[in-house]
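S.K.: Provided herewith: final-v5.cif, mmCIF, C-alpha atoms.
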data_final
loop_
_atom_site.group_PDB
_atom_site.id
_atom_site.type_symbol
_atom_site.label_atom_id
_atom_site.label_comp_id
_atom_site.auth_asym_id
_atom_site.auth_seq_id
_atom_site.Cartn_x
_atom_site.Cartn_y
_atom_site.Cartn_z
ATOM 1 C CA MET A 1 0.295 6.868 -21.771
ATOM 2 C CA GLU A 2 -0.489 10.311 -23.138
ATOM 3 C CA ARG A 3 -0.422 13.259 -20.736
ATOM 4 C CA GLN A 4 -4.169 13.943 -20.998
ATOM 5 C CA GLU A 5 -4.946 10.269 -20.379
ATOM 6 C CA LEU A 6 -2.702 10.383 -17.311
ATOM 7 C CA VAL A 7 -4.471 13.508 -15.996
ATOM 8 C CA LEU A 8 -7.819 11.732 -16.450
ATOM 9 C CA THR A 9 -6.450 8.678 -14.624
ATOM 10 C CA ILE A 10 -5.421 10.898 -11.711
ATOM 11 C CA GLU A 11 -8.828 12.625 -11.725
ATOM 12 C CA LYS A 12 -10.521 9.220 -11.576
ATOM 13 C CA ALA A 13 -8.291 8.175 -8.677
ATOM 14 C CA LEU A 14 -9.099 11.412 -6.876
ATOM 15 C CA SER A 15 -12.836 10.878 -7.418
ATOM 16 C CA GLU A 16 -12.540 7.407 -5.895
ATOM 17 C CA VAL A 17 -10.603 8.458 -2.797
ATOM 18 C CA LEU A 18 -12.548 11.673 -2.203
ATOM 19 C CA GLU A 19 -15.839 9.853 -2.839
ATOM 20 C CA ARG A 20 -17.123 12.698 -4.991
ATOM 21 C CA PRO A 21 -16.868 13.571 -8.659
ATOM 22 C CA VAL A 22 -13.650 15.326 -9.573
ATOM 23 C CA SER A 23 -13.239 16.549 -13.124
ATOM 24 C CA GLY A 24 -12.086 19.506 -15.162
ATOM 25 C CA LEU A 25 -8.961 19.957 -13.060
ATOM 26 C CA THR A 26 -5.997 21.843 -14.458
ATOM 27 C CA GLU A 27 -2.363 20.969 -13.984
ATOM 28 C CA GLU A 28 -2.153 23.907 -11.579
ATOM 29 C CA THR A 29 -4.826 22.457 -9.259
ATOM 30 C CA ALA A 30 -3.335 22.302 -5.755
ATOM 31 C CA LEU A 31 -4.008 18.810 -4.432
ATOM 32 C CA PHE A 32 -3.897 19.675 -0.741
ATOM 33 C CA ASP A 33 -5.147 23.262 -0.747
ATOM 34 C CA GLU A 34 -7.929 23.020 -3.308
ATOM 35 C CA LEU A 35 -8.976 19.381 -2.937
ATOM 36 C CA GLN A 36 -8.211 18.997 0.783
ATOM 37 C CA LEU A 37 -6.388 15.691 0.327
ATOM 38 C CA THR A 38 -5.491 13.871 3.521
ATOM 39 C CA SER A 39 -2.535 11.543 3.907
ATOM 40 C CA LEU A 40 -4.943 8.604 3.758
ATOM 41 C CA ALA A 41 -6.450 9.955 0.524
ATOM 42 C CA VAL A 42 -2.950 10.323 -0.937
ATOM 43 C CA LEU A 43 -2.226 6.657 -0.221
ATOM 44 C CA GLY A 44 -5.500 5.654 -1.870
ATOM 45 C CA MET A 45 -4.738 7.821 -4.881
ATOM 46 C CA LEU A 46 -1.266 6.281 -5.169
ATOM 47 C CA MET A 47 -2.661 2.748 -5.086
ATOM 48 C CA SER A 48 -5.259 3.590 -7.723
ATOM 49 C CA VAL A 49 -2.691 5.232 -10.010
ATOM 50 C CA GLU A 50 -0.294 2.312 -9.506
ATOM 51 C CA GLU A 51 -2.991 -0.115 -10.576
ATOM 52 C CA ALA A 52 -3.981 1.965 -13.606
ATOM 53 C CA THR A 53 -0.438 2.606 -14.854
ATOM 54 C CA GLY A 54 1.490 -0.484 -13.770
ATOM 55 C CA ILE A 55 4.043 1.474 -11.763
ATOM 56 C CA SER A 56 5.114 0.926 -8.192
ATOM 57 C CA VAL A 57 5.328 3.962 -5.912
ATOM 58 C CA ASP A 58 7.202 4.007 -2.624
ATOM 59 C CA PRO A 59 5.374 6.643 -0.554
ATOM 60 C CA GLU A 60 8.602 7.232 1.380
ATOM 61 C CA GLY A 61 10.291 8.231 -1.878
ATOM 62 C CA LEU A 62 7.737 10.927 -2.642
ATOM 63 C CA ASP A 63 8.604 14.530 -1.984
ATOM 64 C CA ILE A 64 5.875 16.986 -0.962
ATOM 65 C CA ASP A 65 6.631 18.930 -4.152
ATOM 66 C CA ASP A 66 5.638 15.836 -6.179
ATOM 67 C CA LEU A 67 2.155 16.178 -4.682
ATOM 68 C CA ARG A 68 1.794 19.943 -4.676
ATOM 69 C CA THR A 69 -0.269 20.144 -7.886
ATOM 70 C CA LEU A 70 -1.914 17.758 -10.293
ATOM 71 C CA GLY A 71 0.790 18.668 -12.818
ATOM 72 C CA SER A 72 3.665 17.942 -10.451
ATOM 73 C CA PHE A 73 2.133 14.576 -9.576
ATOM 74 C CA ALA A 74 1.601 13.815 -13.276
ATOM 75 C CA ASP A 75 5.296 14.641 -13.854
ATOM 76 C CA TYR A 76 6.234 12.217 -11.080
ATOM 77 C CA VAL A 77 4.043 9.454 -12.537
ATOM 78 C CA GLU A 78 5.404 10.012 -16.057
ATOM 79 C CA ALA A 79 8.961 9.698 -14.734
ATOM 80 C CA ALA A 80 8.005 6.512 -12.860
ATOM 81 C CA ILE A 81 6.432 5.068 -16.039
ATOM 82 C CA ARG A 82 9.618 5.830 -18.032
ATOM 83 C CA LYS A 83 11.751 4.276 -15.292
ATOM 84 C CA GLU A 84 9.579 1.144 -15.297
ATOM 85 C CA GLU A 85 9.805 0.887 -19.105
ATOM 86 C CA ILE A 86 13.605 1.187 -18.986
ATOM 87 C CA HIS A 87 13.758 -1.463 -16.267
ATOM 88 C CA LYS A 88 11.626 -3.847 -18.347
ATOM 89 C CA GLU A 89 13.847 -3.246 -21.404
ATOM 90 C CA GLU A 90 16.955 -4.031 -19.376
ATOM 91 C CA ILE A 91 15.424 -7.254 -18.078
ATOM 92 C CA HIS A 92 14.398 -8.232 -21.617
ATOM 93 C CA LYS A 93 17.925 -7.573 -22.948
ATOM 94 C CA GLU A 94 19.397 -9.602 -20.108
ATOM 95 C CA GLU A 95 17.082 -12.527 -20.891
ATOM 96 C CA ILE A 96 18.035 -12.408 -24.576
ATOM 97 C CA HIS A 97 21.714 -12.331 -23.646
ATOM 98 C CA LYS A 98 21.277 -15.362 -21.375
ATOM 99 C CA GLU A 99 19.484 -17.233 -24.183
ATOM 100 C CA GLU A 100 22.321 -16.442 -26.601
ATOM 101 C CA ILE A 101 24.909 -17.701 -24.119
ATOM 102 C CA HIS A 102 22.863 -20.859 -23.551
ATOM 103 C CA LYS A 103 22.657 -21.462 -27.319
ATOM 104 C CA GLU A 104 26.405 -20.921 -27.721
ATOM 105 C CA GLU A 105 27.125 -23.380 -24.923
ATOM 106 C CA GLY A 106 24.859 -25.944 -26.588
ATOM 107 C CA THR A 107 26.692 -25.735 -29.916
ATOM 108 C CA SER A 108 30.196 -25.901 -28.445
#
How does the structure come out when it is put into structure tokens?

M.R.:
Amino acid sequence: MERQELVLTIEKALSEVLERPVSGLTEETALFDELQLTSLAVLGMLMSVEEATGISVDPEGLDIDDLRTLGSFADYVEAAIRKEEIHKEEIHKEEIHKEEIHKEEGTS
């Protein structure tokens, strides 16, 4: 997911949880100070971003600095996407390895 697409995804999530149009934000936009996000709105935003990106976010694992600005949250989401991709690659490699072992056992 490109950075600009991610920013638009976050803007859409913010529009949904704040129940008002949110657009034209910059990466410096302060989520709590400028948009008056509540803890409930943060949870809604997280769920929306999870659904849109395929990541899983543990709210307990979030640091307040991850939510300070739109840019810091986008950084967090990008890191979570990379982590998820690496995890999927590892699972895929493990499955291939298991298949190879199974084939070797069948020919022995």

S.K.: Starting from the displayed file, determine the output of the PyMOL selection byres ((chain A and resi 42-52) around 12) and express the residue list as a short mmCIF file (atom, residue, chain, number, x, y, z; two decimals) with C-alpha atoms, keeping the file's coordinate frame.

M.R.:
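This went into result.cif:
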data_model
loop_
_atom_site.label_atom_id
_atom_site.label_comp_id
_atom_site.auth_asym_id
_atom_site.auth_seq_id
_atom_site.Cartn_x
_atom_site.Cartn_y
_atom_site.Cartn_z
CA MET A 1 0.30 6.87 -21.77
CA GLU A 5 -4.95 10.27 -20.38
CA LEU A 6 -2.70 10.38 -17.31
CA VAL A 7 -4.47 13.51 -16.00
CA LEU A 8 -7.82 11.73 -16.45
CA THR A 9 -6.45 8.68 -14.62
CA ILE A 10 -5.42 10.90 -11.71
CA GLU A 11 -8.83 12.62 -11.72
CA LYS A 12 -10.52 9.22 -11.58
CA ALA A 13 -8.29 8.18 -8.68
CA LEU A 14 -9.10 11.41 -6.88
CA SER A 15 -12.84 10.88 -7.42
CA GLU A 16 -12.54 7.41 -5.90
CA VAL A 17 -10.60 8.46 -2.80
CA LEU A 18 -12.55 11.67 -2.20
CA GLU A 19 -15.84 9.85 -2.84
CA LEU A 31 -4.01 18.81 -4.43
CA PHE A 32 -3.90 19.68 -0.74
CA LEU A 35 -8.98 19.38 -2.94
CA GLN A 36 -8.21 19.00 0.78
CA LEU A 37 -6.39 15.69 0.33
CA THR A 38 -5.49 13.87 3.52
CA SER A 39 -2.54 11.54 3.91
CA LEU A 40 -4.94 8.60 3.76
CA ALA A 41 -6.45 9.96 0.52
CA THR A 53 -0.44 2.61 -14.85
CA GLY A 54 1.49 -0.48 -13.77
CA ILE A 55 4.04 1.47 -11.76
CA SER A 56 5.11 0.93 -8.19
CA VAL A 57 5.33 3.96 -5.91
CA ASP A 58 7.20 4.01 -2.62
CA PRO A 59 5.37 6.64 -0.55
CA GLU A 60 8.60 7.23 1.38
CA LEU A 62 7.74 10.93 -2.64
CA ILE A 64 5.88 16.99 -0.96
CA ASP A 66 5.64 15.84 -6.18
CA LEU A 67 2.15 16.18 -4.68
CA ARG A 68 1.79 19.94 -4.68
CA LEU A 70 -1.91 17.76 -10.29
CA PHE A 73 2.13 14.58 -9.58
CA ALA A 74 1.60 13.82 -13.28
CA TYR A 76 6.23 12.22 -11.08
CA VAL A 77 4.04 9.45 -12.54
CA GLU A 78 5.40 10.01 -16.06
CA ALA A 80 8.01 6.51 -12.86
CA ILE A 81 6.43 5.07 -16.04
CA GLU A 84 9.58 1.14 -15.30
#

S.K.: Residues at most 7 Å from Thr29 (chain A), counting only C-alpha atoms, excluding those fewer than 3 positions away in the same chain, as a list in words?

M.R.: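 Listed by chain and then number, they are Leu25, Thr26, Glu34, Thr69 and Leu70 of chain A.
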
S.K.: Could you work out an axis-aligned bounding box for all listed atoms of region 8-24 of chain A, with 4 Å added on each of the six sides, and give its centre and edge lengths in Å to one decimal, as AutoDock Vina command-line options?

M.R.:
--center_x -11.3 --center_y 13.5 --center_z -9.3 --size_x 19.7 --size_y 20.1 --size_z 22.2

S.K.: So the first atom is CA of Gly71 (chain A) and the second is CA of Arg20 (chain A); what is the distance between them in Å, to one decimal place?

M.R.: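 It comes out at 20.4 Å.
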
S.K.: What is the distance, in Å and to one decimal place, between CA of Gly24 (chain A) and CA of Glu85 (chain A)?

M.R.: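 Spanning CA of Gly24 (chain A) to CA of Glu85 (chain A) is a straight-line distance of 29.0 Å.
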
S.K.: With distances taken over all atoms listed in the file, which residue among A:Glu90, A:Ser23, A:Asp65, A:Asp75 lies nearest Arg3 (chain A)?

M.R.: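 Under the stated criterion, the closest residue is A:Asp75.
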
S.K.: For CA of Gly61 (chain A) and CA of Lys93 (chain A), quote the distance in Å rounded to one decimal.

M.R.: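 Going from CA of Gly61 (chain A) over to CA of Lys93 (chain A), I get 27.4 Å.
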